[in-house]
>>> print(open('protein.txt').read())   # compact mmCIF, C-alpha atoms
# COMPACT_ATOMS: atom_id res chain seq x y z
CA LYS L 82 115.36 -29.56 -17.62
CA GLU L 83 112.61 -31.75 -16.21
CA TRP L 84 109.73 -30.63 -14.01
CA PRO L 85 108.26 -33.15 -11.56
CA VAL L 86 104.52 -33.68 -11.76
CA ASN L 87 102.66 -35.45 -8.97
CA ILE L 88 100.00 -37.85 -10.15
CA LYS L 89 97.56 -39.33 -7.67
CA LYS L 90 97.10 -43.04 -7.94
CA MET L 91 93.57 -43.66 -9.04
CA THR L 92 91.47 -46.64 -8.08
CA THR L 93 88.83 -47.97 -10.41
CA THR L 94 86.02 -49.98 -8.95
CA LYS L 95 83.87 -52.44 -10.84
CA VAL L 96 80.61 -53.46 -9.25
CA ALA L 97 78.59 -56.37 -10.59
CA LEU L 98 75.06 -56.23 -9.26
CA ASN L 99 72.95 -59.35 -9.06
CA THR L 100 69.21 -58.69 -9.23
CA THR L 101 68.01 -61.91 -7.63
CA ASP L 102 66.37 -62.17 -4.20
CA ASP L 103 69.64 -62.68 -2.35
CA ALA L 104 71.40 -59.92 -4.30
CA ALA L 105 73.16 -58.45 -1.29
CA SER L 106 75.10 -61.62 -0.67
CA LYS L 107 76.06 -62.14 -4.33
CA ASN L 108 77.25 -58.63 -5.29
CA LYS L 109 80.93 -58.58 -6.28
CA VAL L 110 83.27 -55.65 -5.93
CA GLU L 111 86.63 -55.70 -7.70
CA SER L 112 89.28 -53.06 -7.34
CA SER L 113 92.31 -52.42 -9.50
CA LYS L 114 95.06 -49.82 -9.39
CA PRO L 115 96.67 -48.72 -12.64
CA ASN L 116 100.45 -48.87 -12.88
CA VAL L 117 101.09 -45.11 -12.60
CA PRO L 118 104.30 -43.77 -11.08
CA ALA L 119 103.94 -41.54 -8.03
CA ALA L 120 105.83 -38.74 -9.81
CA ALA L 121 106.36 -38.21 -13.52
CA SER L 122 108.40 -35.61 -15.32
CA VAL L 123 107.55 -33.41 -18.27
CA ASP L 124 110.21 -32.21 -20.68
CA TYR L 125 110.84 -28.45 -20.41
CA ASP L 126 110.48 -28.15 -24.18
CA ALA L 127 107.31 -30.28 -24.38
CA ALA L 128 104.95 -27.47 -25.45
CA ALA L 129 107.39 -26.19 -28.07
CA ARG L 130 108.02 -29.72 -29.33
CA LEU L 131 104.28 -30.42 -29.62
CA SER L 132 103.82 -27.20 -31.58
CA TYR L 133 106.85 -28.04 -33.75
CA ASN L 134 105.51 -31.50 -34.55
CA ALA L 135 101.97 -30.19 -35.20
CA SER L 136 103.25 -27.51 -37.56
CA GLY L 137 105.09 -30.05 -39.69
CA ALA L 138 108.18 -27.83 -39.64
CA ASN L 139 111.33 -29.30 -41.17
CA GLY L 140 113.80 -26.73 -39.86
CA ASP L 141 116.01 -26.68 -36.81
CA PHE L 142 114.01 -27.29 -33.60
CA LYS L 143 116.20 -24.88 -31.61
CA VAL L 144 115.33 -21.99 -33.96
CA PHE L 145 111.64 -22.98 -33.88
CA LYS L 146 111.72 -23.19 -30.07
CA ASP L 147 113.26 -19.72 -29.75
CA GLU L 148 110.59 -18.23 -32.05
CA TYR L 149 107.89 -20.17 -30.21
CA LEU L 150 109.02 -18.84 -26.83
CA VAL L 151 109.08 -15.26 -28.15
CA LYS L 152 105.56 -15.63 -29.59
CA MET L 153 104.17 -17.27 -26.45
CA SER L 154 105.83 -14.71 -24.17
CA GLY L 155 104.32 -11.89 -26.23
CA MET L 156 100.89 -13.52 -26.18
CA ILE L 157 101.04 -14.01 -22.42
CA ALA L 158 102.17 -10.40 -21.93
CA GLN L 159 99.23 -9.16 -24.03
CA LYS L 160 96.76 -11.28 -22.05
CA HIS L 161 98.26 -10.02 -18.79
CA GLN L 162 98.01 -6.40 -19.93
CA ALA L 163 94.40 -6.93 -21.06
CA LYS L 164 93.55 -8.51 -17.71
CA ARG L 165 95.16 -5.64 -15.76
CA LYS L 166 93.30 -3.10 -17.94
CA ALA L 167 89.99 -4.87 -17.32
CA GLU L 168 90.69 -4.96 -13.57
CA LYS L 169 91.45 -1.22 -13.55
CA GLU L 170 88.25 -0.51 -15.49
CA GLU L 171 86.25 -2.63 -13.02
CA GLN L 172 87.82 -0.74 -10.09
CA ALA L 173 87.06 2.61 -11.73
CA GLU L 174 83.45 1.55 -12.34
CA ALA L 175 83.12 0.40 -8.73
CA ALA L 176 84.49 3.76 -7.55
CA ARG L 177 81.95 5.58 -9.78
CA VAL L 178 79.14 3.49 -8.32
CA VAL L 179 80.29 4.25 -4.76
CA GLU L 180 80.52 7.98 -5.52
CA GLY L 181 77.06 7.89 -7.09
CA GLU L 182 75.63 6.16 -4.04
CA LYS L 183 77.27 8.74 -1.76
CA ALA L 184 75.81 11.58 -3.85
CA ARG L 185 72.32 10.01 -3.76
CA ALA L 186 72.59 9.52 0.01
CA ALA L 187 73.65 13.17 0.46
CA GLU L 188 70.74 14.34 -1.73
CA ALA L 189 68.30 12.20 0.25
CA ALA L 190 69.65 13.58 3.55
CA ALA L 191 69.36 17.16 2.27
CA ALA L 192 65.80 16.53 1.08
CA GLU L 193 64.94 15.01 4.46
CA GLN L 194 66.38 18.03 6.29
CA LYS L 195 64.46 20.39 4.02
CA ALA L 196 61.23 18.47 4.63
CA ALA L 197 61.83 18.50 8.39
CA ALA L 198 62.52 22.24 8.31
CA GLY L 199 59.29 22.78 6.37
CA GLU L 200 57.32 20.71 8.87
CA ARG L 201 58.80 22.74 11.75
CA ALA L 202 57.85 26.00 10.00
CA ILE L 203 54.30 24.75 9.52
CA ALA L 204 54.09 23.70 13.16
CA ARG L 205 55.32 27.16 14.30
CA ALA L 206 52.79 28.90 12.05
CA ASP L 207 49.99 26.73 13.43
CA ALA L 208 51.14 27.47 16.99
CA GLU L 209 51.16 31.23 16.29
CA ARG L 210 47.60 31.14 14.93
CA LYS L 211 46.26 29.55 18.07
>>> encode(input="protein.txt", output="structure tokens")
Amino acid sequence: KEWPVNIKKMTTTKVALNTTDDAASKNKVESSKPNVPAAASVDYDAAARLSYNASGANGDFKVFKDEYLVKMSGMIAQKHQAKRKAEKEEQAEAARVVEGEKARAAEAAAAEQKAAAGERAIARADAERK
């Protein structure tokens, strides 16, 4: 199986600057495009083959590839589970922060109401004395 890969054609530009008085008229700009195909393909087994060659294994590539895919699938599953766990922990921490902020806001509102009630009581007592 081959997977198409799009490669943008890159342009390299060489600029030769002349530092004499009439430099603007003597500057040269050259452009070249490398011979890169518009689409290239990568072998489906490329990662397994690279790992096989790097390991120096002498056995059957098909057996190595099957083991490689099992190991890589397991590693990816572990990383995915770790990421999901971290996301859940972050969400739980955010929920705790929100609940804490709500509790502090409620405490502040209650303290404000208590202070206002105290001020009203003082004002009534002052009014009764007069």
>>> closest_residue(input="protein.txt", among="L:Gln172, L:Ala138, L:Glu180, L:Ala129", to="Lys152 (chain L)", atoms="only C-alpha atoms")
L:Ala129
>>> atom_distance(input="protein.txt", atom1="CA of Tyr133 (chain L)", atom2="CA of Met153 (chain L)")
13.3 Å
>>> atom_distance(input="protein.txt", atom1="CA of Ile157 (chain L)", atom2="CA of Gly137 (chain L)")
23.9 Å
>>> residues_around(input="protein.txt", residues="Ser136 (chain L)", least_positions_apart="5", cutoff="12 Å", atoms="only C-alpha atoms", output="ChimeraX atom specification")
/L:129-131,142,145,149
>>> atom_distance(input="protein.txt", atom1="CA of Asp147 (chain L)", atom2="CA of Ser132 (chain L)")
12.2 Å
>>> axis_aligned_box(input="protein.txt", around="region 141-150 of chain L", padding_each_side="3 Å", output="AutoDock Vina command-line options")
--center_x 112.0 --center_y -22.8 --center_z -31.8 --size_x 14.3 --size_y 15.1 --size_z 16.0
